[in-house]
$ cat upload_24.txt   # compact mmCIF, C-alpha atoms and all ligand atoms
# COMPACT_ATOMS: atom_id res chain seq x y z
CA VAL A 170 2.56 13.18 -26.92
CA HIS A 171 3.54 9.89 -28.42
CA ALA A 172 4.35 9.01 -32.06
CA ALA A 173 6.05 6.29 -34.08
CA ASP A 174 8.63 8.53 -35.82
CA THR A 175 10.22 11.97 -35.59
CA ASP A 176 8.05 13.62 -38.25
CA ALA A 177 4.83 12.43 -36.64
CA LEU A 178 6.14 13.52 -33.26
CA THR A 179 6.91 17.03 -34.56
CA LEU A 180 3.40 17.33 -35.97
CA ALA A 181 1.76 16.00 -32.79
CA SER A 182 3.87 18.32 -30.63
CA ALA A 183 2.87 21.34 -32.74
CA ALA A 184 -0.79 20.37 -32.41
CA ALA A 185 -0.41 20.06 -28.63
CA GLN A 186 1.38 23.41 -28.51
CA SER A 187 -1.51 25.15 -30.26
CA HIS A 188 -3.88 23.74 -27.59
CA PHE A 189 -1.57 24.97 -24.82
CA ASP A 190 -1.51 28.45 -26.37
CA ALA A 191 -5.29 28.59 -26.12
CA LEU A 192 -5.36 27.75 -22.40
CA PRO A 193 -5.08 30.26 -19.54
CA LEU A 194 -2.03 28.55 -18.00
CA ALA A 195 0.11 30.01 -15.22
CA VAL A 196 3.37 28.92 -16.86
CA PRO A 197 3.91 28.35 -20.60
CA PRO A 198 4.47 24.59 -21.11
CA ARG A 199 7.57 23.34 -22.85
CA LEU A 200 7.74 19.91 -24.49
CA THR A 201 11.00 18.01 -24.27
CA THR A 202 12.54 14.96 -25.92
CA ASP A 203 15.54 14.99 -23.57
CA ALA A 204 15.68 11.61 -21.83
CA ALA A 205 16.86 12.97 -18.47
CA GLU A 206 14.22 15.71 -18.36
CA ARG A 207 11.58 13.22 -19.41
CA ALA A 208 12.64 10.78 -16.71
CA ALA A 209 12.41 13.53 -14.08
CA LEU A 210 8.87 14.41 -15.23
CA TRP A 211 7.82 10.76 -15.17
CA HIS A 212 9.24 10.44 -11.69
CA VAL A 213 6.85 13.18 -10.54
CA ARG A 214 3.95 11.64 -12.44
CA LYS A 215 4.53 8.15 -11.07
CA GLY A 216 4.72 9.46 -7.52
CA LEU A 217 1.43 11.33 -7.90
CA TYR A 218 -0.87 8.64 -6.59
CA THR A 219 1.17 7.90 -3.51
CA ALA A 220 1.85 11.58 -2.81
CA VAL A 221 -1.85 12.48 -2.98
CA ALA A 222 -2.93 9.33 -1.14
CA GLY A 223 -0.29 9.99 1.51
CA ALA A 224 -1.85 13.37 2.26
CA ARG A 225 -5.30 11.87 2.92
CA PRO A 226 -6.94 12.21 6.34
CA SER A 227 -5.87 9.55 8.82
CA GLY A 228 -8.32 6.64 9.07
CA THR A 229 -9.50 6.87 5.45
CA THR A 230 -8.82 4.46 2.61
CA ALA A 231 -7.51 5.83 -0.69
CA LEU A 232 -9.51 4.44 -3.61
CA LEU A 233 -8.05 4.66 -7.08
CA GLU A 234 -10.34 4.07 -10.05
CA ASP A 235 -9.53 3.31 -13.66
CA ILE A 236 -12.22 4.18 -16.18
CA VAL A 237 -12.00 4.90 -19.90
CA VAL A 238 -14.26 6.71 -22.36
CA PRO A 239 -13.88 7.62 -26.04
CA VAL A 240 -11.55 10.63 -26.21
CA PRO A 241 -14.21 13.06 -27.59
CA ARG A 242 -16.28 12.30 -24.45
CA LEU A 243 -13.45 12.78 -22.00
CA LEU A 244 -14.21 16.42 -21.16
CA ALA A 245 -17.91 15.82 -20.50
CA THR A 246 -17.04 12.75 -18.39
CA CYS A 247 -14.52 14.64 -16.27
CA GLU A 248 -16.90 17.57 -15.78
CA ARG A 249 -19.65 15.25 -14.59
CA LEU A 250 -17.20 13.37 -12.40
CA ILE A 251 -16.26 16.64 -10.68
CA GLU A 252 -19.98 17.27 -10.13
CA LEU A 253 -20.34 13.78 -8.63
CA PHE A 254 -17.51 14.46 -6.18
CA ALA A 255 -19.33 17.61 -5.06
CA GLU A 256 -22.77 15.94 -4.93
CA HIS A 257 -21.48 13.10 -2.76
CA GLY A 258 -19.25 15.29 -0.61
CA TYR A 259 -15.88 13.85 -1.65
CA GLU A 260 -13.54 16.72 -0.99
CA GLY A 261 -9.97 16.76 -2.21
CA SER A 262 -10.52 14.13 -4.90
CA VAL A 263 -7.98 14.19 -7.67
CA ILE A 264 -8.31 13.29 -11.34
CA PHE A 265 -5.33 12.25 -13.41
CA GLY A 266 -4.61 9.51 -15.93
CA HIS A 267 -3.80 9.26 -19.64
CA ALA A 268 -5.83 11.91 -21.39
CA LYS A 269 -4.73 10.98 -24.90
CA ASP A 270 -6.31 7.55 -24.39
CA GLY A 271 -9.45 8.77 -22.61
CA ASN A 272 -8.28 6.86 -19.54
CA VAL A 273 -9.06 8.50 -16.22
CA HIS A 274 -7.76 7.60 -12.82
CA PHE A 275 -9.29 9.38 -9.94
CA LEU A 276 -8.66 9.13 -6.32
CA LEU A 277 -11.04 9.59 -3.48
CA ASN A 278 -10.76 9.01 0.22
CA GLU A 279 -13.43 7.17 2.13
CA ARG A 280 -13.88 5.67 5.58
CA PHE A 281 -15.12 2.11 5.58
CA ASP A 282 -15.61 1.80 9.30
CA ASP A 283 -18.99 3.49 9.45
CA PRO A 284 -22.20 2.49 7.64
CA ASP A 285 -23.06 6.02 6.47
CA SER A 286 -19.78 6.30 4.57
CA VAL A 287 -20.30 2.88 2.99
CA ALA A 288 -23.82 3.94 1.94
CA ARG A 289 -22.38 7.10 0.40
CA TYR A 290 -19.81 5.05 -1.47
CA ARG A 291 -22.62 2.83 -2.80
CA ARG A 292 -24.53 5.86 -4.12
CA PHE A 293 -21.41 7.33 -5.68
CA THR A 294 -20.47 4.05 -7.38
CA ASP A 295 -23.99 3.72 -8.83
CA ASP A 296 -23.72 7.21 -10.32
CA LEU A 297 -20.20 6.53 -11.59
CA VAL A 298 -21.24 3.33 -13.36
CA GLU A 299 -24.17 5.17 -14.93
CA LEU A 300 -21.88 7.99 -16.10
CA VAL A 301 -19.24 5.76 -17.67
CA LEU A 302 -21.69 3.46 -19.43
CA SER A 303 -23.77 6.40 -20.68
CA GLN A 304 -20.60 7.74 -22.32
CA GLN A 305 -19.97 4.36 -24.03
CA GLY A 306 -16.98 3.88 -21.81
CA SER A 307 -15.54 0.92 -19.94
CA LEU A 308 -15.52 0.58 -16.17
CA LYS A 309 -11.99 -0.75 -16.28
CA ALA A 310 -9.19 0.35 -18.56
CA GLU A 311 -5.54 -0.52 -18.08
CA HIS A 312 -5.83 -2.28 -14.73
CA GLY A 313 -7.75 -5.42 -13.82
CA THR A 314 -11.46 -5.50 -13.12
CA GLY A 315 -10.74 -6.67 -9.60
CA ARG A 316 -13.55 -6.74 -7.05
CA ILE A 317 -15.14 -3.28 -7.05
CA MET A 318 -16.38 -3.38 -10.64
CA ALA A 319 -17.05 -7.14 -10.76
CA PRO A 320 -20.81 -6.84 -9.99
CA PHE A 321 -21.20 -4.37 -12.88
CA VAL A 322 -19.63 -6.53 -15.58
CA ARG A 323 -23.05 -7.84 -16.69
CA ARG A 324 -24.37 -4.30 -17.02
CA GLN A 325 -21.43 -3.32 -19.23
CA TYR A 326 -21.12 -6.42 -21.41
CA GLY A 327 -24.70 -7.72 -21.48
CA ASP A 328 -26.07 -11.19 -20.73
CA GLU A 329 -24.60 -13.10 -23.65
CA LEU A 330 -20.96 -12.12 -23.13
CA THR A 331 -21.17 -12.29 -19.37
CA ASP A 332 -22.72 -15.78 -19.48
CA LEU A 333 -19.90 -16.84 -21.78
CA MET A 334 -17.34 -15.51 -19.32
CA TRP A 335 -19.05 -17.42 -16.50
CA GLU A 336 -19.05 -20.57 -18.62
CA LEU A 337 -15.31 -20.26 -19.19
CA LYS A 338 -14.72 -19.54 -15.54
CA ARG A 339 -16.66 -22.68 -14.51
CA LEU A 340 -14.74 -24.82 -16.98
CA ILE A 341 -11.40 -23.67 -15.61
CA ASP A 342 -12.43 -23.35 -11.99
CA PRO A 343 -15.42 -25.67 -11.36
CA ASP A 344 -15.27 -25.24 -7.57
CA GLY A 345 -14.91 -21.46 -7.71
CA ILE A 346 -11.74 -21.42 -5.66
CA LEU A 347 -9.62 -19.13 -7.86
CA ASN A 348 -9.98 -15.51 -6.72
CA PRO A 349 -13.68 -15.74 -5.83
CA GLY A 350 -15.49 -12.45 -6.43
CA VAL A 351 -12.74 -11.07 -8.66
CA VAL A 352 -13.65 -10.05 -12.25
CA LEU A 353 -16.97 -11.91 -12.05
CA SER A 354 -19.35 -11.83 -9.13
CA ASP A 355 -22.97 -12.92 -8.77
CA ASP A 356 -23.41 -10.90 -5.60
CA PRO A 357 -24.61 -7.41 -6.59
CA ASP A 358 -23.20 -5.98 -3.36
CA SER A 359 -19.84 -7.74 -3.39
CA TYR A 360 -18.06 -4.42 -3.93
CA LEU A 361 -19.21 -3.32 -0.49
CA HIS A 362 -17.86 -6.34 1.37
CA ASP A 363 -14.40 -6.86 2.81
CA LEU A 364 -13.32 -3.31 2.10
CA LYS A 365 -9.91 -2.36 3.35
CA ARG A 366 -10.12 -0.39 6.55
CA VAL A 367 -7.23 1.79 7.59
CA PRO A 368 -7.55 2.48 11.31
CA THR A 369 -5.40 5.22 12.77
CA VAL A 370 -2.43 3.63 14.47
CA GLU A 371 0.57 5.89 14.90
CA SER A 372 1.66 9.18 13.44
CA GLU A 373 4.92 7.78 12.00
CA VAL A 374 3.10 5.46 9.59
CA ASP A 375 -0.52 6.59 9.23
CA ARG A 376 0.22 8.06 5.79
CA CYS A 377 1.18 4.62 4.45
CA VAL A 378 -0.75 3.70 1.31
CA GLU A 379 0.54 0.11 1.29
CA CYS A 380 2.10 0.57 -2.15
CA GLY A 381 5.01 -1.73 -1.32
CA TYR A 382 7.75 0.42 -2.89
CA CYS A 383 9.72 0.01 0.32
CA GLU A 384 9.74 -3.77 0.22
CA PRO A 385 12.69 -4.48 -2.13
CA THR A 386 15.00 -2.21 -0.12
CA CYS A 387 14.35 -3.83 3.26
CA PRO A 388 17.17 -6.06 4.56
CA SER A 389 14.83 -8.11 6.76
CA LYS A 390 12.26 -8.87 4.04
CA SER A 391 13.44 -12.46 3.61
CA ILE A 392 13.68 -13.19 7.32
CA THR A 393 10.45 -11.89 8.73
CA LEU A 394 8.46 -8.86 7.55
CA THR A 395 8.76 -5.97 5.12
CA PRO A 396 8.09 -2.38 6.24
CA ARG A 397 4.67 -2.51 4.56
CA GLN A 398 3.80 -5.70 6.44
CA ARG A 399 5.05 -4.18 9.72
CA ILE A 400 2.59 -1.30 9.19
CA VAL A 401 -0.32 -3.46 7.98
CA LEU A 402 -0.01 -5.68 11.06
CA ARG A 403 -0.14 -2.64 13.35
CA ARG A 404 -3.39 -1.73 11.59
CA ASP A 405 -4.70 -5.27 11.95
CA MET A 406 -3.92 -5.18 15.66
CA ALA A 407 -5.75 -1.87 16.06
CA TRP A 408 -8.71 -3.32 14.15
CA ALA A 409 -8.75 -6.51 16.24
CA GLU A 410 -8.67 -4.41 19.41
CA GLU A 411 -11.53 -2.22 18.18
CA GLN A 412 -13.58 -5.34 17.36
CA GLY A 413 -12.80 -6.95 20.72
CA ASP A 414 -11.12 -9.91 19.02
CA THR A 415 -8.80 -10.59 21.94
CA GLU A 416 -7.60 -13.95 20.67
CA LEU A 417 -6.38 -12.55 17.36
CA LEU A 418 -4.90 -9.55 19.11
CA ARG A 419 -2.96 -11.75 21.52
CA ASP A 420 -1.58 -13.90 18.69
CA LEU A 421 -0.58 -10.91 16.60
CA ARG A 422 1.11 -9.20 19.53
CA ALA A 423 3.01 -12.35 20.44
CA ASP A 424 4.41 -12.78 16.93
CA TYR A 425 4.96 -9.09 16.30
CA ASP A 426 7.65 -8.77 18.92
CA TYR A 427 10.12 -10.91 16.98
CA ASP A 428 8.78 -10.52 13.43
CA GLY A 429 8.01 -6.82 13.63
CA VAL A 430 10.21 -5.26 16.26
CA GLN A 431 13.29 -7.36 16.99
CA THR A 432 14.22 -8.18 13.40
CA CYS A 433 13.91 -4.66 11.94
CA ALA A 434 17.37 -3.33 11.10
CA VAL A 435 16.12 0.27 11.70
CA ASP A 436 18.45 1.39 8.92
CA GLY A 437 15.81 3.58 7.22
CA MET A 438 16.33 2.08 3.75
CA CYS A 439 12.52 1.96 3.44
CA GLY A 440 12.43 5.74 3.83
CA VAL A 441 14.67 6.13 0.77
CA ALA A 442 12.15 4.33 -1.46
CA CYS A 443 8.91 5.51 0.17
CA PRO A 444 7.04 8.15 -1.87
CA VAL A 445 5.44 9.57 1.27
CA ASP A 446 8.63 9.67 3.33
CA ILE A 447 7.84 7.00 5.88
CA ASN A 448 10.76 5.52 7.73
CA THR A 449 9.31 2.45 9.41
CA GLY A 450 12.49 2.31 11.50
CA ASP A 451 11.20 5.39 13.39
CA LEU A 452 8.15 3.40 14.46
CA VAL A 453 10.22 0.38 15.47
CA ARG A 454 12.70 2.53 17.42
CA ARG A 455 9.83 4.01 19.41
CA LEU A 456 8.29 0.58 20.04
CA ARG A 457 11.65 -0.67 21.30
CA ALA A 458 12.06 2.35 23.54
CA GLU A 459 8.61 1.74 25.00
CA GLN A 460 9.46 -1.90 25.68
CA SER A 461 12.82 -1.31 27.35
CA ASN A 462 13.11 -0.47 31.03
CA ALA A 463 15.23 2.23 32.67
CA VAL A 464 17.94 -0.18 33.86
CA GLU A 465 18.33 -1.70 30.41
CA GLY A 466 18.43 1.78 28.88
CA ALA A 467 21.11 2.93 31.31
CA VAL A 468 23.27 -0.18 30.71
CA TRP A 469 23.13 0.14 26.93
CA GLY A 470 23.54 3.91 27.09
CA THR A 471 26.77 3.44 29.03
CA ALA A 472 27.89 0.64 26.70
CA ALA A 473 27.33 2.88 23.67
CA LYS A 474 29.54 5.58 25.18
CA HIS A 475 32.36 3.10 25.81
CA TRP A 476 31.92 0.84 22.82
CA SER A 477 35.59 0.02 22.22
CA MET A 478 35.85 -1.21 25.80
CA VAL A 479 32.71 -3.35 25.31
CA THR A 480 34.06 -4.97 22.16
CA ARG A 481 37.45 -5.57 23.83
CA ALA A 482 35.68 -7.26 26.77
CA GLY A 483 33.73 -9.39 24.29
CA GLY A 484 36.99 -10.42 22.64
CA VAL A 485 38.55 -11.35 25.98
CA ALA A 486 35.44 -13.38 26.91
CA LEU A 487 35.68 -15.32 23.65
CA THR A 488 39.39 -16.02 24.25
CA VAL A 489 38.67 -17.25 27.80
CA ALA A 490 35.74 -19.37 26.55
CA ASP A 491 37.98 -20.88 23.90
CA ALA A 492 40.48 -21.96 26.58
CA LEU A 493 37.80 -23.68 28.69
CA PRO A 494 35.97 -26.94 27.88
CA ALA A 495 33.15 -26.04 25.45
CA PRO A 496 30.38 -27.96 27.35
CA LEU A 497 31.15 -25.90 30.47
CA VAL A 498 30.80 -22.55 28.63
CA ARG A 499 27.77 -23.81 26.83
CA GLY A 500 26.19 -24.78 30.17
CA VAL A 501 26.85 -21.27 31.53
CA THR A 502 25.20 -19.63 28.51
CA GLN A 503 22.27 -22.04 28.78
CA LEU A 504 21.80 -21.00 32.38
CA GLY A 505 22.02 -17.32 31.38
CA ARG A 506 19.39 -17.88 28.68
CA ALA A 507 17.09 -19.60 31.16
CA VAL A 508 17.32 -16.65 33.54
CA LEU A 509 17.60 -13.63 31.22
CA GLY A 510 15.88 -14.94 28.09
CA ALA A 511 17.08 -16.57 24.89
CA ASP A 512 17.07 -13.27 23.01
CA THR A 513 19.38 -11.63 25.55
CA VAL A 514 22.14 -14.24 25.96
CA PRO A 515 23.61 -15.90 22.86
CA LEU A 516 24.15 -19.65 23.05
CA TYR A 517 27.86 -20.47 23.07
CA ASP A 518 28.98 -22.81 20.36
CA GLY A 519 32.33 -24.65 20.58
CA GLY A 520 33.02 -23.64 16.98
CA LEU A 521 33.39 -19.94 17.82
CA PRO A 522 36.91 -18.50 17.40
CA ARG A 523 39.06 -16.74 19.98
CA GLY A 524 38.51 -13.05 20.47
S1 LIG B 1 5.88 2.58 3.94
FE1 LIG B 1 6.12 1.26 2.14
S2 LIG B 1 4.08 0.57 1.65
FE2 LIG B 1 3.85 2.36 2.99
S3 LIG B 1 3.68 4.12 1.62
FE3 LIG B 1 5.84 3.92 2.13
S4 LIG B 1 6.69 2.65 0.48
FE4 LIG B 1 4.45 2.42 0.39
$ encode --input "upload_24.txt" --output "C-alpha cells" --more "lines below"
Ligand code: SF4
Amino acid sequence: VHAADTDALTLASAAAQSHFDALPLAVPPRLTTDAAERAALWHVRKGLYTAVAGARPSGTTALLEDIVVPVPRLLATCERLIELFAEHGYEGSVIFGHAKDGNVHFLLNERFDDPDSVARYRRFTDDLVELVLSQQGSLKAEHGTGRIMAPFVRRQYGDELTDLMWELKRLIDPDGILNPGVVLSDDPDSYLHDLKRVPTVESEVDRCVECGYCEPTCPSKSITLTPRQRIVLRRDMAWAEEQGDTELLRDLRADYDYDGVQTCAVDGMCGVACPVDINTGDLVRRLRAEQSNAVEGAVWGTAAKHWSMVTRAGGVALTVADALPAPLVRGVTQLGRAVLGADTVPLYDGGLPRG
C-alpha cells in the first residue's frame, strides 16, 4: 500500500484490510508504518528470488520473468500462468511481483543442456507471449527487454514502432556492435541461443544463482576474482570438460590456481552477504586440501600448533639476513624459489627490516 499523504494512506490501508478480511488466510495480516518493521519485511521480500532460486535442483538455470498487465486482468493472467506451468510440467514455479501495478515476476527452473528441455521452453514462451499480449499487457515491465523477449518486440509493438526503433538503433550503432541481440533482434529464435547453462560442479556452491551480492564484501575482488567469478569459472571448467574443449579447460585450470585458489582469503565474508548461505571459502579450502600433499600438510599442521615459535624463527631469520650482504641472501632465496617454486619461497629484498 503506497500513497502520497497520510490521509490517502489511511484510506488505502482500510481498503486493503477489507480485502484481507474476505480471504481465507492462515494468519490475520497487520499493516505497519514502522520503519524498522517495514525494513525487516522488505529484507524478506528482496531475498525471495535468491532464496527460491537457491533451492532449485542442481544443474538447472533459474529464469526470472517480468511481465505486466492492466490490474483488472491480473487475476486471470496469474490463473492462466499457473495452468501454463502445469501444462508444460514446470513444477515448483513461483509467482511474486508488484500486484498493485499488475507487474508479475515468476520464476521457473529449466535445464538448457538437453534439446527436449529447450523445446519445452520454446513452447512455454510462445504460450506466455500469447497470454500477456491477449491481456493487453507488456512482455517487459520494470526490467530491461534483454535477450529473451527481444524477438517478440515486433509482435507487441507492431511494424511501424518496431521499424522506428530499428532505424534509431542503426543511426546510433550502424555496425550493430552495441549489445547485439539485446532489446531488438531479427532472429526469431535468438531467445533460444547462448542460454546460460549451470552444470553441477560441487555441493558447496551448486546453489549459487550468480546474483553477485557477495562481490562487494570480498577482500580479493580487486586483485583477482570475486566469489561469484570463482564459482562461474568452476562451472565453465565443468562445461568445457563436458564439451571436450581441452584447450580451454587447460587454460582455465592454469589460471584458476592463482586467481581462484591461492588468492582467496577464505575469510567467509561472502557467506555473510549471500542470500543462499554460500561460503565460497569452503570450496577453496577443499580445493587447497586436495592440492596439498601429506608432507606439506604435516609440516603446516605442526607449524600451526607451534605458531609463536615459527614467528620467532622468522624474526631471527630476518635479523640474520639483515646482518649479511643483501645480494647473498637474495641469491639464496632465488635458489630456493628455483627449487621449491616462487609461490613457496618469498624473494628477499634488501629493504626488509630486522626481525
Ligand atoms: S555466492 Fe555470491 S553470486 Fe552466488 S548466490 Fe551467493 S551471493 Fe549470489
$ closest_residue --input "upload_24.txt" --among "A:Val508, A:Val237, A:Leu421, A:Ala255" --to "Ala409 of chain A" --atoms "only C-alpha atoms"
A:Leu421
$ atom_distance --input "upload_24.txt" --atom1 "atom CA of Asp420 of chain A" --atom2 "atom CA of Thr393 of chain A"
15.7 Å
$ residues_near_ligand --input "upload_24.txt" --ligand "ligand LIG 1 (chain B)" --cutoff "10 Å" --atoms "all atoms listed in the file" --output "PyMOL selection string"
chain A and resi 219-220+222-223+373-387+395-401+439-449
$ residues_around --input "upload_24.txt" --residues "Ala185 of chain A" --least-positions-apart "5" --cutoff "12 Å" --atoms "all atoms listed in the file" --output "list in words"
Val170, His171, Leu178, Thr179, Leu180, Asp190, Ala191, Leu192, Pro198, Arg199, Leu200 and Lys269 of chain A
$ closest_residue --input "upload_24.txt" --among "A:Val221, A:Val468, A:Ile236, A:Leu330" --to "Leu276 of chain A" --atoms "all atoms listed in the file"
A:Val221
$ closest_residue --input "upload_24.txt" --among "A:Thr202, A:Thr432, A:Lys365, A:Leu487" --to "Ser391 of chain A" --atoms "all atoms listed in the file"
A:Thr432
$ residues_near_point --input "upload_24.txt" --point "(-12.4, 10.2, -23.7)" --cutoff "10 Å" --atoms "all atoms listed in the file" --output "list in words"
Ile236, Val237, Val238, Pro239, Val240, Pro241, Arg242, Leu243, Leu244, Ala245, Thr246, Cys247, His267, Ala268, Lys269, Asp270, Gly271, Asn272, Val273, Gln304, Gln305 and Gly306 of chain A
$ atom_distance --input "upload_24.txt" --atom1 "atom CA of Lys338 of chain A" --atom2 "atom CA of Val352 of chain A"
10.1 Å
$ atom_distance --input "upload_24.txt" --atom1 "atom CA of Gly350 of chain A" --atom2 "atom CA of Phe293 of chain A"
20.7 Å
$ residues_around --input "upload_24.txt" --residues "segment 512-520 of chain A" --least-positions-apart "5" --cutoff "8 Å" --atoms "only C-alpha atoms" --output "list in words"
Asp491, Ala495, Pro496, Val498, Arg499, Thr502, Gln503, Gly505 and Arg506 of chain A
$ closest_residue --input "upload_24.txt" --among "A:Gly228, A:Gly437, A:Pro197, A:Val367" --to "Asp405 of chain A" --atoms "only C-alpha atoms"
A:Val367
$ closest_residue --input "upload_24.txt" --among "A:Val351, A:Leu232, A:Ala467, A:Leu497" --to "Arg366 of chain A" --atoms "all atoms listed in the file"
A:Leu232
$ closest_residue --input "upload_24.txt" --among "A:Val287, A:Met406, A:Leu277, A:Val479" --to "Val370 of chain A" --atoms "all atoms listed in the file"
A:Met406
$ residues_near_point --input "upload_24.txt" --point "(-6.4, 11.4, -11.3)" --cutoff "8 Å" --atoms "only C-alpha atoms" --output "list in words"
Tyr218, Val263, Ile264, Phe265, Gly266, Val273, His274, Phe275 and Leu276 of chain A
$ write_last_selection --input "upload_24.txt" --atoms "C-alpha atoms" --output "compact mmCIF listing (two decimals), in the coordinates of the input"
# COMPACT_ATOMS: atom_id res chain seq x y z
CA TYR A 218 -0.87 8.64 -6.59
CA VAL A 263 -7.98 14.19 -7.67
CA ILE A 264 -8.31 13.29 -11.34
CA PHE A 265 -5.33 12.25 -13.41
CA GLY A 266 -4.61 9.51 -15.93
CA VAL A 273 -9.06 8.50 -16.22
CA HIS A 274 -7.76 7.60 -12.82
CA PHE A 275 -9.29 9.38 -9.94
CA LEU A 276 -8.66 9.13 -6.32
